[in-house]
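Peer 1: Below are the structure tokens for one structure; questions will follow.
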Amino acid sequence: MSDDAKGSGLSRRSFLRGGAAGTALAAGLLPEDAAAAVAATDAEGAPTVGPGAVEIELEVNGVARRLEVEPRVTLLDGLRDRLDVTGPKRVCDRGTCGACTVLEDGRPIYACCRLMIESAGRSIKTVEGLGSPDAMHEVQQAFVDNDAQQCGYCTPGFVVATVALLARSPAPTEQEVEAGLGGNFCRCGTYKGIRAVVGGPGESGGDGVG
């Protein structure tokens, strides 16, 4: 970045936002007022960081962790490569399968689609933070009891998403199950077992949660 750019307060994010808005406006994809709204988001005073590493602190599975990461590092990469928290899995790496689902302040998110610096100061919980092989969370135990896993790549994300779903709706309806778990994908097809875990309508014989 040039000295002029540094002195102007123009960040790369604002440049890209402005460029994208200008391109969309020229192509007729955005009305002028929408383009102005995009440009106005940089007036919120968010600090510009990077491109070098910056120090952040966040809580991971109940433990405060401090590290330096480049702004481009995703939460998934930071957890796996820097903190050795390997429960969240890299599968699609584009926010379509849910294998990297974690809880951020109790809310399920795709770790591959979030920058780690965006999670600074927040609480992250992964499947490791739910329970251990000797003391499993009730959802983890229910996945075992209902044979709701095969290859295992999708399982951590499904478990985390299920915990979030049942925290919101202990007895979820068909629509709530679809909304809560629809962002997770199992290539092995263990959906019958997963539905038994959450006690979905029409499931019987399963040892579900709640």
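As shown in the structure tokens, the chain order sets the letters A, B, ...; within each chain, residues go from 1, and ligands are also counted from 1 in the order they appear.
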Go through range 23-179 of chain A and collect every residue that DSSP, computed from the backbone, puts in helix (DSSP H, G or I); the answer should be as JSON, numbers by chain.

Peer 2: {"A": [23, 24, 25, 26, 32, 33, 34, 35, 36, 37, 38, 39, 40, 41, 42, 43, 44, 75, 76, 77, 78, 79, 80, 81, 82, 111, 112, 113, 116, 117, 118, 119, 127, 128, 129, 138, 139, 140, 141, 142, 143, 144, 145, 155, 156, 157, 158, 159, 160, 161, 162, 163, 164, 165, 166, 167, 168, 174, 175, 176, 177, 178, 179]}

Peer 1: Residues within 9 Å of Leu83 in chain A, please, as a list in words. Count only C-alpha atoms; anything in the same chain fewer than 4 positions from it doesn't count.

Peer 2: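 After dropping sequence-adjacent residues, the list is Arg65, Leu67, Gly78 and Leu79 of chain A.
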
Peer 1: Suppose we keep all heavy atoms; can you now write the selection as a compact mmCIF listing (two decimals), in the first residue's frame?

Peer 2:
# COMPACT_ATOMS: atom_id res chain seq x y z
N ARG A 65 -7.15 -17.75 24.68
CA ARG A 65 -6.01 -18.00 23.79
C ARG A 65 -5.59 -16.69 23.14
O ARG A 65 -6.43 -15.95 22.64
CB ARG A 65 -6.38 -19.03 22.70
CG ARG A 65 -6.96 -20.31 23.21
CD ARG A 65 -6.00 -21.10 24.09
NE ARG A 65 -4.81 -21.49 23.38
CZ ARG A 65 -4.67 -22.68 22.76
NH1 ARG A 65 -5.68 -23.54 22.76
NH2 ARG A 65 -3.56 -22.98 22.15
N LEU A 67 -2.86 -15.07 20.29
CA LEU A 67 -1.96 -15.41 19.20
C LEU A 67 -1.91 -14.28 18.20
O LEU A 67 -2.73 -13.35 18.24
CB LEU A 67 -2.40 -16.70 18.51
CG LEU A 67 -3.70 -16.69 17.69
CD1 LEU A 67 -3.72 -17.89 16.74
CD2 LEU A 67 -4.93 -16.71 18.56
N GLY A 78 -7.07 -20.94 11.71
CA GLY A 78 -6.46 -20.57 12.97
C GLY A 78 -6.67 -21.62 14.04
O GLY A 78 -5.74 -21.95 14.79
N LEU A 79 -7.88 -22.17 14.10
CA LEU A 79 -8.15 -23.21 15.09
C LEU A 79 -7.33 -24.46 14.82
O LEU A 79 -6.68 -25.00 15.73
CB LEU A 79 -9.64 -23.57 15.07
CG LEU A 79 -10.61 -22.53 15.62
CD1 LEU A 79 -12.06 -22.95 15.35
CD2 LEU A 79 -10.41 -22.34 17.13

Peer 1: Write out as a list in words which residues come within 10 Å of range 74-77 of chain A when counting only C-alpha atoms, dropping same-chain ones fewer than 4 positions away.

Peer 2: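 Here the answer would be Val69, Glu70, Asp81, Arg82, Leu83, Asp84, Val85, Thr86, Gly87, Pro88, Lys89, Arg90, Asp93, Cys100, Thr101, Val102, Tyr110, Ala111, Cys112, Cys113, Arg114, Leu115, Met116, Ile117, Glu118, Ser119, Ala120 and Ile124 of chain A.
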
Peer 1: Interatomic distance between CA of Ile109 in chain A and CA of Val197 in chain A?

Peer 2: 20.8 Å

Peer 1: Give me the residues near range 178-187 of chain A as a compact mmCIF listing (two decimals) with N, CA and C atoms, in the first residue's frame, where near means some atom within 12 Å (using only C-alpha atoms) and where sequence neighbours in that chain fewer than 3 positions away do not count.

Peer 2:
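Heads up, here's the output in selection20.txt:
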# COMPACT_ATOMS: atom_id res chain seq x y z
N VAL A 91 -13.70 -29.49 4.63
CA VAL A 91 -14.24 -30.38 3.60
C VAL A 91 -14.49 -29.59 2.33
N CYS A 92 -15.53 -28.75 2.32
CA CYS A 92 -15.80 -27.96 1.11
C CYS A 92 -14.98 -26.67 1.09
N GLY A 95 -18.29 -22.92 2.70
CA GLY A 95 -19.55 -22.66 3.38
C GLY A 95 -20.75 -23.38 2.81
N THR A 96 -20.58 -24.62 2.37
CA THR A 96 -21.72 -25.34 1.81
C THR A 96 -22.00 -26.67 2.50
N CYS A 97 -21.08 -27.18 3.33
CA CYS A 97 -21.28 -28.53 3.88
C CYS A 97 -21.49 -28.55 5.39
N GLY A 98 -20.98 -27.57 6.12
CA GLY A 98 -21.19 -27.51 7.56
C GLY A 98 -20.24 -28.32 8.39
N ALA A 99 -19.23 -28.97 7.78
CA ALA A 99 -18.31 -29.80 8.56
C ALA A 99 -17.46 -28.98 9.52
N CYS A 100 -17.35 -27.68 9.29
CA CYS A 100 -16.52 -26.82 10.14
C CYS A 100 -17.35 -26.02 11.13
N THR A 101 -18.61 -26.41 11.35
CA THR A 101 -19.49 -25.64 12.22
C THR A 101 -18.95 -25.56 13.65
N VAL A 102 -18.91 -24.34 14.17
CA VAL A 102 -18.55 -24.11 15.57
C VAL A 102 -19.59 -23.16 16.16
N ARG A 107 -23.78 -19.14 18.96
CA ARG A 107 -24.45 -19.14 17.65
C ARG A 107 -23.66 -19.99 16.66
N PRO A 108 -24.29 -20.94 15.95
CA PRO A 108 -23.54 -21.77 15.00
C PRO A 108 -23.11 -20.98 13.78
N ILE A 109 -21.84 -21.12 13.42
CA ILE A 109 -21.30 -20.45 12.23
C ILE A 109 -20.37 -21.41 11.49
N TYR A 110 -20.13 -21.12 10.22
CA TYR A 110 -19.13 -21.85 9.45
C TYR A 110 -17.76 -21.22 9.74
N ALA A 148 -25.30 -42.56 14.17
CA ALA A 148 -25.51 -41.39 13.30
C ALA A 148 -24.22 -40.86 12.72
N GLN A 149 -23.25 -41.75 12.48
CA GLN A 149 -22.00 -41.32 11.86
C GLN A 149 -21.38 -42.51 11.13
N GLN A 150 -20.62 -42.20 10.07
CA GLN A 150 -19.89 -43.24 9.37
C GLN A 150 -18.44 -42.81 9.19
N CYS A 151 -18.15 -42.04 8.13
CA CYS A 151 -16.74 -41.66 7.92
C CYS A 151 -16.27 -40.68 8.98
N GLY A 152 -17.18 -39.88 9.52
CA GLY A 152 -16.84 -38.99 10.62
C GLY A 152 -16.48 -37.58 10.25
N TYR A 153 -16.28 -37.28 8.97
CA TYR A 153 -15.88 -35.92 8.60
C TYR A 153 -16.96 -34.90 8.90
N CYS A 154 -18.20 -35.25 8.68
CA CYS A 154 -19.29 -34.30 8.91
C CYS A 154 -19.76 -34.31 10.36
N THR A 155 -19.40 -35.35 11.12
CA THR A 155 -19.98 -35.56 12.44
C THR A 155 -19.75 -34.42 13.42
N PRO A 156 -18.52 -33.88 13.55
CA PRO A 156 -18.33 -32.78 14.50
C PRO A 156 -19.24 -31.58 14.21
N GLY A 157 -19.36 -31.22 12.95
CA GLY A 157 -20.22 -30.10 12.58
C GLY A 157 -21.68 -30.39 12.86
N PHE A 158 -22.11 -31.62 12.57
CA PHE A 158 -23.50 -32.00 12.84
C PHE A 158 -23.79 -31.98 14.34
N VAL A 159 -22.84 -32.47 15.14
CA VAL A 159 -23.04 -32.49 16.59
C VAL A 159 -23.19 -31.06 17.12
N VAL A 160 -22.30 -30.17 16.67
CA VAL A 160 -22.35 -28.77 17.13
C VAL A 160 -23.66 -28.11 16.69
N ALA A 161 -24.04 -28.33 15.43
CA ALA A 161 -25.28 -27.74 14.93
C ALA A 161 -26.49 -28.30 15.68
N THR A 162 -26.45 -29.58 16.03
CA THR A 162 -27.55 -30.19 16.77
C THR A 162 -27.65 -29.63 18.18
N VAL A 163 -26.51 -29.41 18.82
CA VAL A 163 -26.51 -28.80 20.15
C VAL A 163 -27.15 -27.41 20.09
N ALA A 164 -26.80 -26.64 19.07
CA ALA A 164 -27.38 -25.30 18.92
C ALA A 164 -28.88 -25.38 18.67
N LEU A 165 -29.30 -26.32 17.83
CA LEU A 165 -30.72 -26.50 17.52
C LEU A 165 -31.51 -26.83 18.77
N LEU A 166 -31.02 -27.80 19.55
CA LEU A 166 -31.76 -28.24 20.72
C LEU A 166 -31.72 -27.21 21.85
N ALA A 167 -30.70 -26.36 21.84
CA ALA A 167 -30.68 -25.27 22.83
C ALA A 167 -31.79 -24.27 22.54
N ARG A 168 -32.08 -24.08 21.25
CA ARG A 168 -33.16 -23.16 20.87
C ARG A 168 -34.53 -23.82 20.97
N SER A 169 -34.58 -25.09 20.57
CA SER A 169 -35.86 -25.81 20.52
C SER A 169 -35.66 -27.22 21.05
N PRO A 170 -35.86 -27.46 22.34
CA PRO A 170 -35.64 -28.79 22.91
C PRO A 170 -36.48 -29.89 22.27
N PRO A 172 -37.82 -29.95 18.75
CA PRO A 172 -37.98 -29.24 17.48
C PRO A 172 -39.03 -29.86 16.56
N THR A 173 -39.69 -29.00 15.81
CA THR A 173 -40.64 -29.45 14.80
C THR A 173 -39.87 -29.87 13.55
N GLU A 174 -40.60 -30.44 12.61
CA GLU A 174 -40.00 -30.83 11.33
C GLU A 174 -39.33 -29.62 10.66
N GLN A 175 -40.01 -28.50 10.67
CA GLN A 175 -39.48 -27.29 10.03
C GLN A 175 -38.25 -26.78 10.77
N THR A 190 -26.27 -40.58 6.68
CA THR A 190 -26.70 -41.05 8.00
C THR A 190 -27.87 -40.24 8.55
N TYR A 191 -28.67 -39.69 7.68
CA TYR A 191 -29.74 -38.79 8.12
C TYR A 191 -30.78 -39.46 9.01
N LYS A 192 -31.06 -40.74 8.80
CA LYS A 192 -32.04 -41.42 9.63
C LYS A 192 -31.57 -41.45 11.08
N GLY A 193 -30.29 -41.74 11.28
CA GLY A 193 -29.75 -41.75 12.63
C GLY A 193 -29.74 -40.37 13.25
N ILE A 194 -29.41 -39.37 12.43
CA ILE A 194 -29.38 -38.00 12.94
C ILE A 194 -30.78 -37.54 13.32
N ARG A 195 -31.78 -37.90 12.51
CA ARG A 195 -33.15 -37.53 12.84
C ARG A 195 -33.59 -38.20 14.14
N VAL A 197 -31.63 -38.78 16.60
CA VAL A 197 -30.95 -38.03 17.67
C VAL A 197 -31.82 -36.87 18.14
N VAL A 198 -32.38 -36.13 17.20
CA VAL A 198 -33.16 -34.95 17.56
C VAL A 198 -34.62 -35.28 17.82
N GLY A 200 -36.95 -36.30 15.67
CA GLY A 200 -37.80 -35.69 14.65
C GLY A 200 -39.11 -36.43 14.48
N PRO A 201 -40.14 -35.76 13.99
CA PRO A 201 -41.43 -36.41 13.78
C PRO A 201 -41.30 -37.63 12.88

Peer 1: Can you tell me how far CA of Ala171 in chain A sits from CA of Gly199 in chain A, in Å to one decimal?

Peer 2: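 So the answer is 7.5 Å.
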
Peer 1: Could you give me, as a PyMOL selection string, each residue of range 110-179 of chain A that DSSP assigns to strand (DSSP E or B) when run on this structure's backbone?

Peer 2: chain A and resi 110+115+123-125+132+135

Peer 1: For a test of reading the model, state the distance in Å between CA of Arg72 in chain A and CA of Pro47 in chain A, rounded to one decimal.

Peer 2: 15.2 Å
